[in-house]
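**Student:** Input file: work29.txt. Contents: compact mmCIF, C-alpha atoms and all ligand atoms.
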```txt
# COMPACT_ATOMS: atom_id res chain seq x y z
CA MET A 61 227.71 42.17 -20.87
CA LYS A 62 230.38 44.38 -22.24
CA THR A 63 232.01 46.43 -19.53
CA SER A 64 232.26 49.37 -21.91
CA LEU A 65 228.49 49.70 -21.59
CA LEU A 66 228.93 50.30 -17.91
CA PHE A 67 232.04 52.43 -18.27
CA PRO A 68 231.82 54.15 -21.62
CA MET A 69 235.21 55.32 -22.83
CA PRO A 70 235.83 58.47 -24.82
CA CYS A 71 236.87 57.94 -28.44
CA ALA A 72 240.65 57.59 -28.77
CA ALA A 73 240.73 59.83 -31.83
CA CYS A 74 238.40 62.75 -31.18
CA GLY A 75 238.38 62.34 -27.40
CA TYR A 76 234.86 63.69 -27.49
CA ASN A 77 232.26 61.12 -28.53
CA ILE A 78 231.80 57.93 -26.58
CA CYS A 79 232.56 54.44 -27.88
CA TYR A 80 230.00 51.87 -26.85
CA ASP A 81 231.66 48.73 -28.09
CA GLU A 82 235.06 47.07 -28.07
CA LEU A 83 236.52 49.44 -30.65
CA PRO A 84 238.57 52.45 -29.56
CA PHE A 85 236.77 54.88 -31.89
CA CYS A 86 233.34 56.46 -31.94
CA SER A 87 231.07 55.84 -34.90
CA GLU A 88 232.06 59.13 -36.56
CA CYS A 89 235.78 58.41 -36.32
CA LEU A 90 235.18 54.83 -37.49
CA SER A 91 233.65 56.13 -40.66
CA ASP A 92 236.73 58.34 -41.16
CA LEU A 93 238.83 55.23 -40.74
CA GLN A 94 236.66 53.36 -43.21
CA ARG A 95 237.25 56.12 -45.74
CA LEU A 96 241.01 55.85 -45.21
CA LEU A 97 241.01 52.10 -45.57
CA THR A 98 239.13 52.18 -48.85
CA ALA A 99 241.18 54.98 -50.43
CA ARG A 100 243.25 53.89 -53.43
CA CYS A 101 246.63 55.09 -54.65
CA ARG A 102 246.27 58.35 -56.54
CA VAL A 103 248.90 57.28 -59.06
CA CYS A 104 248.29 53.60 -59.85
CA HIS A 105 244.70 53.49 -58.51
CA ASN A 106 245.30 50.24 -56.66
CA PRO A 107 244.45 49.64 -53.00
CA PRO A 108 247.48 50.02 -50.65
CA SER A 109 248.09 46.27 -50.51
CA ALA A 110 248.52 46.18 -54.31
CA CYS A 111 250.15 49.56 -55.02
CA VAL A 112 252.75 49.09 -57.75
CA CYS A 113 254.30 52.57 -57.67
CA PRO A 114 258.12 52.23 -57.60
CA GLU A 115 258.57 54.03 -54.27
CA ASN A 116 255.96 51.81 -52.60
CA LYS A 117 256.84 48.49 -54.17
CA GLU A 118 259.00 47.24 -51.32
CA LEU A 119 256.87 48.79 -48.64
CA ARG A 120 253.89 47.17 -46.95
CA PHE A 121 251.33 49.53 -45.46
CA ALA A 122 247.69 49.61 -44.40
CA PHE A 123 246.50 52.92 -45.80
CA PHE A 124 247.51 56.23 -47.32
CA TYR A 125 248.17 59.02 -44.88
CA ASN A 126 246.39 61.89 -46.53
CA GLY A 127 245.24 64.90 -44.61
CA PHE A 128 242.93 65.70 -41.81
CA TYR A 129 241.29 62.38 -40.95
CA ALA A 130 244.50 60.41 -41.07
CA ARG A 131 246.21 63.06 -38.98
CA ARG A 132 243.50 63.02 -36.35
CA LEU A 133 243.34 59.25 -36.09
CA ILE A 134 247.09 58.81 -35.94
CA TYR A 135 248.12 61.90 -34.03
CA ALA A 136 245.86 60.88 -31.20
CA ASN A 137 248.00 57.80 -31.22
CA LYS A 138 251.27 59.70 -31.33
CA LYS A 139 250.76 62.35 -28.71
CA LYS A 140 249.01 60.48 -25.95
CA PRO A 141 249.24 56.79 -26.65
CA ASP A 142 246.09 54.98 -25.68
CA PRO A 143 246.75 51.34 -24.81
CA ARG A 144 243.54 50.36 -26.63
CA LEU A 145 244.99 51.70 -29.84
CA THR A 146 248.30 49.93 -30.23
CA ASP A 147 246.86 46.41 -30.58
CA PHE A 148 244.01 47.73 -32.69
CA TRP A 149 246.42 49.37 -35.16
CA ALA A 150 248.70 46.36 -35.27
CA GLU A 151 245.89 43.97 -36.11
CA LEU A 152 244.38 46.35 -38.62
CA ALA A 153 247.75 46.95 -40.28
CA VAL A 154 248.31 43.22 -40.75
CA ARG A 155 244.86 42.64 -42.19
CA ALA A 156 244.82 45.64 -44.50
CA SER A 157 248.38 45.29 -45.81
CA GLY A 158 248.33 41.58 -46.54
CA VAL A 159 251.48 41.01 -44.47
CA LYS A 160 251.75 37.36 -43.36
CA PRO A 161 253.26 37.46 -39.88
CA LYS A 162 254.18 33.77 -39.91
CA ASN A 163 256.70 34.43 -42.69
CA TYR A 164 258.95 36.44 -40.38
CA ASP A 165 261.36 35.23 -37.76
CA ALA A 166 261.72 38.61 -36.05
CA VAL A 167 260.15 42.05 -35.82
CA ALA A 168 262.38 45.13 -35.49
CA PHE A 169 261.46 48.81 -35.37
CA VAL A 170 262.83 52.20 -36.42
CA PRO A 171 263.81 53.85 -33.14
CA ARG A 172 262.59 57.39 -32.43
CA LEU A 173 264.87 60.28 -31.69
CA ARG A 174 265.56 60.12 -28.00
CA ARG A 175 264.19 63.62 -27.39
CA ASN A 176 260.94 62.68 -29.11
CA LYS A 177 260.65 59.56 -27.03
CA ARG A 178 261.06 61.76 -23.97
CA LYS A 179 258.60 64.33 -25.27
CA TYR A 180 255.85 61.83 -26.09
CA GLY A 181 256.73 59.42 -23.33
CA CYS A 182 256.89 56.50 -25.73
CA ASP A 183 258.26 55.20 -29.00
CA GLN A 184 255.31 54.59 -31.28
CA ALA A 185 257.21 52.27 -33.59
CA GLU A 186 258.36 50.21 -30.63
CA LEU A 187 254.77 49.90 -29.39
CA PHE A 188 253.69 48.79 -32.86
CA ALA A 189 256.44 46.15 -32.89
CA LYS A 190 255.51 44.99 -29.39
CA SER A 191 251.86 44.56 -30.36
CA LEU A 192 252.81 42.58 -33.48
CA SER A 193 255.09 40.42 -31.41
CA LYS A 194 252.40 39.77 -28.81
CA LEU A 195 249.53 39.18 -31.23
CA TYR A 196 251.37 37.03 -33.77
CA GLY A 197 254.16 35.44 -31.75
CA ILE A 198 257.07 36.95 -33.68
CA PRO A 199 260.06 37.68 -31.44
CA ILE A 200 260.85 41.39 -31.14
CA ILE A 201 264.49 42.39 -31.56
CA TYR A 202 266.14 45.63 -30.42
CA ALA A 203 268.59 45.85 -33.27
CA LEU A 204 268.84 49.50 -34.27
CA GLU A 205 270.00 52.64 -32.63
CA ARG A 206 269.86 56.25 -33.74
CA ILE A 207 272.97 58.41 -33.78
CA GLY A 208 271.41 61.88 -33.56
CA GLY A 209 270.11 63.51 -36.73
CA SER A 210 267.69 66.34 -37.17
CA GLU A 211 263.94 66.16 -37.56
CA GLN A 212 262.77 65.01 -40.98
CA LYS A 213 259.55 66.99 -41.03
CA LEU A 214 260.81 70.22 -42.57
CA LEU A 215 263.24 68.75 -45.07
CA SER A 216 262.89 68.19 -48.78
CA ARG A 217 263.02 64.71 -50.25
CA ALA A 218 266.70 64.96 -51.22
CA GLU A 219 267.60 66.43 -47.85
CA ARG A 220 265.79 63.61 -46.08
CA TYR A 221 267.94 61.02 -47.77
CA LYS A 222 271.09 62.96 -46.95
CA ASN A 223 269.98 63.44 -43.38
CA MET A 224 269.57 59.69 -42.97
CA VAL A 225 273.05 58.71 -44.09
CA GLY A 226 274.90 57.40 -41.09
CA ARG A 227 272.07 58.23 -38.70
CA PHE A 228 271.40 54.67 -37.62
CA LYS A 229 273.56 51.74 -36.71
CA LEU A 230 273.30 48.25 -35.38
CA ARG A 231 273.21 48.39 -31.59
CA GLU A 232 276.50 47.67 -29.86
CA ASP A 233 274.79 45.23 -27.50
CA PHE A 234 273.09 43.27 -30.28
CA PRO A 235 274.14 39.60 -29.95
CA LYS A 236 276.98 38.75 -32.34
CA GLY A 237 276.45 36.10 -34.96
CA MET A 238 272.67 36.39 -35.09
CA ASN A 239 271.27 35.74 -38.53
CA TYR A 240 267.64 36.09 -39.48
CA ASN A 241 265.97 34.85 -42.56
CA LYS A 242 263.32 37.55 -42.82
CA ILE A 243 262.78 40.54 -40.56
CA LEU A 244 259.65 42.64 -40.48
CA LEU A 245 260.87 46.19 -39.91
CA VAL A 246 258.16 48.53 -38.64
CA ASP A 247 257.49 52.22 -38.17
CA ASP A 248 254.22 54.02 -37.59
CA VAL A 249 254.12 56.46 -40.51
CA CYS A 250 256.43 56.86 -43.46
CA THR A 251 256.82 59.83 -45.79
CA THR A 252 259.49 59.23 -48.43
CA GLY A 253 260.72 55.93 -47.07
CA ALA A 254 264.20 57.38 -46.50
CA THR A 255 264.32 56.48 -42.82
CA ILE A 256 262.90 53.00 -43.00
CA ASN A 257 264.96 52.12 -46.07
CA ALA A 258 268.15 53.29 -44.37
CA CYS A 259 267.32 51.02 -41.44
CA ALA A 260 266.42 48.10 -43.71
CA GLY A 261 269.81 48.49 -45.40
CA ILE A 262 271.63 48.25 -42.08
CA LEU A 263 269.80 45.06 -41.10
CA ARG A 264 270.34 43.50 -44.51
CA GLY A 265 274.02 44.24 -44.35
CA SER A 266 274.45 42.72 -40.90
CA VAL A 267 271.89 40.35 -39.42
CA ALA A 268 269.20 39.57 -41.99
CA ARG A 269 268.90 37.94 -45.37
CA GLY A 270 265.60 39.65 -46.07
CA VAL A 271 263.93 42.73 -44.59
CA VAL A 272 260.41 43.91 -45.34
CA PRO A 273 259.55 47.49 -44.35
CA PHE A 274 256.06 47.75 -42.90
CA VAL A 275 254.24 50.89 -41.74
CA LEU A 276 250.72 51.72 -40.72
CA ALA A 277 250.38 54.62 -43.12
CA LYS A 278 252.31 55.97 -46.08
CA THR A 279 251.92 59.57 -47.23
CA ASP A 280 250.15 59.87 -50.53
ZN ZN B 301 235.70 59.96 -32.32
ZN ZN B 302 250.42 53.26 -56.44
```
Starting from the file, give its structure as structure tokens.

**Tutor:**
Amino acid sequence: MKTSLLFPMPCAACGYNICYDELPFCSECLSDLQRLLTARCRVCHNPPSACVCPENKELRFAFFYNGFYARRLIYANKKKPDPRLTDFWAELAVRASGVKPKNYDAVAFVPRLRRNKRKYGCDQAELFAKSLSKLYGIPIIYALERIGGSEQKLLSRAERYKNMVGRFKLREDFPKGMNYNKILLVDDVCTTGATINACAGILRGSVARGVVPFVLAKTD
């Protein structure tokens, strides 16, 4: 018997309805998720795993982040991380994006601003990387560090790129001489790709021959 029948948990997204099976969402939120997962690119009309738009070509992602439902499902995740969610998202992201975990010899993540990590009590990208590492046996590496920088949210596209220049570096304590064939570089959500591409560039220039940026959701 499933223990969740005896101890029904509130839905991780709406926090209101009850989930009666192993999934972290209620049936209403699951149908929102279904809608997200079946949404196609508004420009090329392909599903996320086959989007050929130039800005998404390098990026692997599970779904388009577009509005209310995406916000509710993911913000629940961001503000008060529910341990049920991190593995769920990691597995879903791999399945929906077509990423093949066995092709990577390490998983790295885009580190949060320290004050955000304090504010939310966690680093969502790090949790995503940890789940991928645990579920698929890819070693996690702590390669990147943030050197300040302002919040991206309120900036224009051009400003975001400028804001990212010199905002990350390889960690001082990262073992010298390490060389990876292919690193999976993860973040939770990505808007223009400025942040994750800046980080990918640093890894490519130092410890990796190939880096594939991978996020749960990409803004439409
Ligand atoms: Zn719900
Ligand atoms: Zn597209």

**Student:** Find the residue from A:Cys250, A:Ala130, A:Ile200, A:Lys278 that sits nearest to ligand ZN 302 (chain B); use all atoms listed in the file when measuring.

**Tutor:** A:Lys278

**Student:** Just want the residues within 7 Å of ligand ZN 302 (chain B), written as a list in words, counting only C-alpha atoms and all ligand atoms.

**Tutor:** Cys101, Arg102, Val103, Cys104, His105, Asn106, Cys111, Val112, Cys113 and Asn116 of chain A

**Student:** Pick out the closest residue to Ile243 in chain A from this set: A:Ser109, A:Ser157, A:Ser216, A:Asn163. Count all atoms listed in the file.

**Tutor:**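 Between A:Ser109, A:Ser157, A:Ser216, A:Asn163, the residue approaching Ile243 in chain A most closely is A:Asn163.
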
**Student:** Between CA of Pro171 in chain A and CA of Ala110 in chain A, what is the spacing in Å?

**Tutor:**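 So the two atoms, CA of Ala110 in chain A and CA of Pro171 in chain A, lie 27.2 Å apart.
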
**Student:** Would you mind reading off the distance between CA of Phe124 in chain A and CA of Thr279 in chain A, one decimal, in Å?

**Tutor:**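 These two atoms are separated by 5.5 Å.
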
**Student:** Taking all atoms listed in the file into account, which residues have an atom no farther than 8 Å from ligand ZN 301 (chain B)? I'd like them as number ranges by chain.

**Tutor:** A: 70-79, 85-90

**Student:** For Val272 in chain A, please output as JSON, numbers by chain all residues within 12 Å (counting only C-alpha atoms; exclusion window: fewer than 4 positions along the same chain).

**Tutor:** {"A": [116, 117, 118, 119, 120, 121, 159, 160, 161, 163, 164, 165, 166, 167, 168, 169, 241, 242, 243, 244, 245, 246, 247, 256, 257, 259, 260, 261, 263, 264, 268]}

**Student:** So how many Å separate CA of Lys162 in chain A and CA of Phe123 in chain A, to one decimal?

**Tutor:** 21.5 Å

**Student:** Neighbours of Arg144 in chain A within 8 Å (all atoms listed in the file; same-chain residues fewer than 3 positions away dropped), as a PyMOL selection string?

**Tutor:** chain A and resi 84+147-148

**Student:** Between A:Glu115, A:Arg100, A:Phe188, A:Ile201, which one has atoms that come closest to Ala254 in chain A, using only C-alpha atoms?

**Tutor:**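 Closest candidate: A:Glu115.
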
**Student:** Hey, which of A:Ala277, A:Leu187, A:Leu204, A:Tyr80 ends up closest to Leu93 in chain A? Count only C-alpha atoms.

**Tutor:** A:Ala277

**Student:** Grab all the atoms of range 152-164 of chain A that the file lists, wrap them in a box along x, y and z, add 3 Å per side, and give me centre plus edge lengths in Å (one decimal) as lines of an AutoDock Vina configuration file.

**Tutor:**
```
center_x = 251.7
center_y = 40.4
center_z = -42.6
size_x = 20.6
size_y = 19.2
size_z = 13.9
```

**Student:** I need the residue nearest Arg174 in chain A from this list: A:Leu96, A:Ile198, A:Leu145, A:Ile207. Use only C-alpha atoms for the distance.

**Tutor:**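 For Arg174 in chain A, the nearest of the candidates is A:Ile207.
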
**Student:** Nearest to Leu192 in chain A: which of A:Arg155, A:Arg172, A:Arg227, A:Arg178 is it, counting only C-alpha atoms?

**Tutor:** A:Arg155
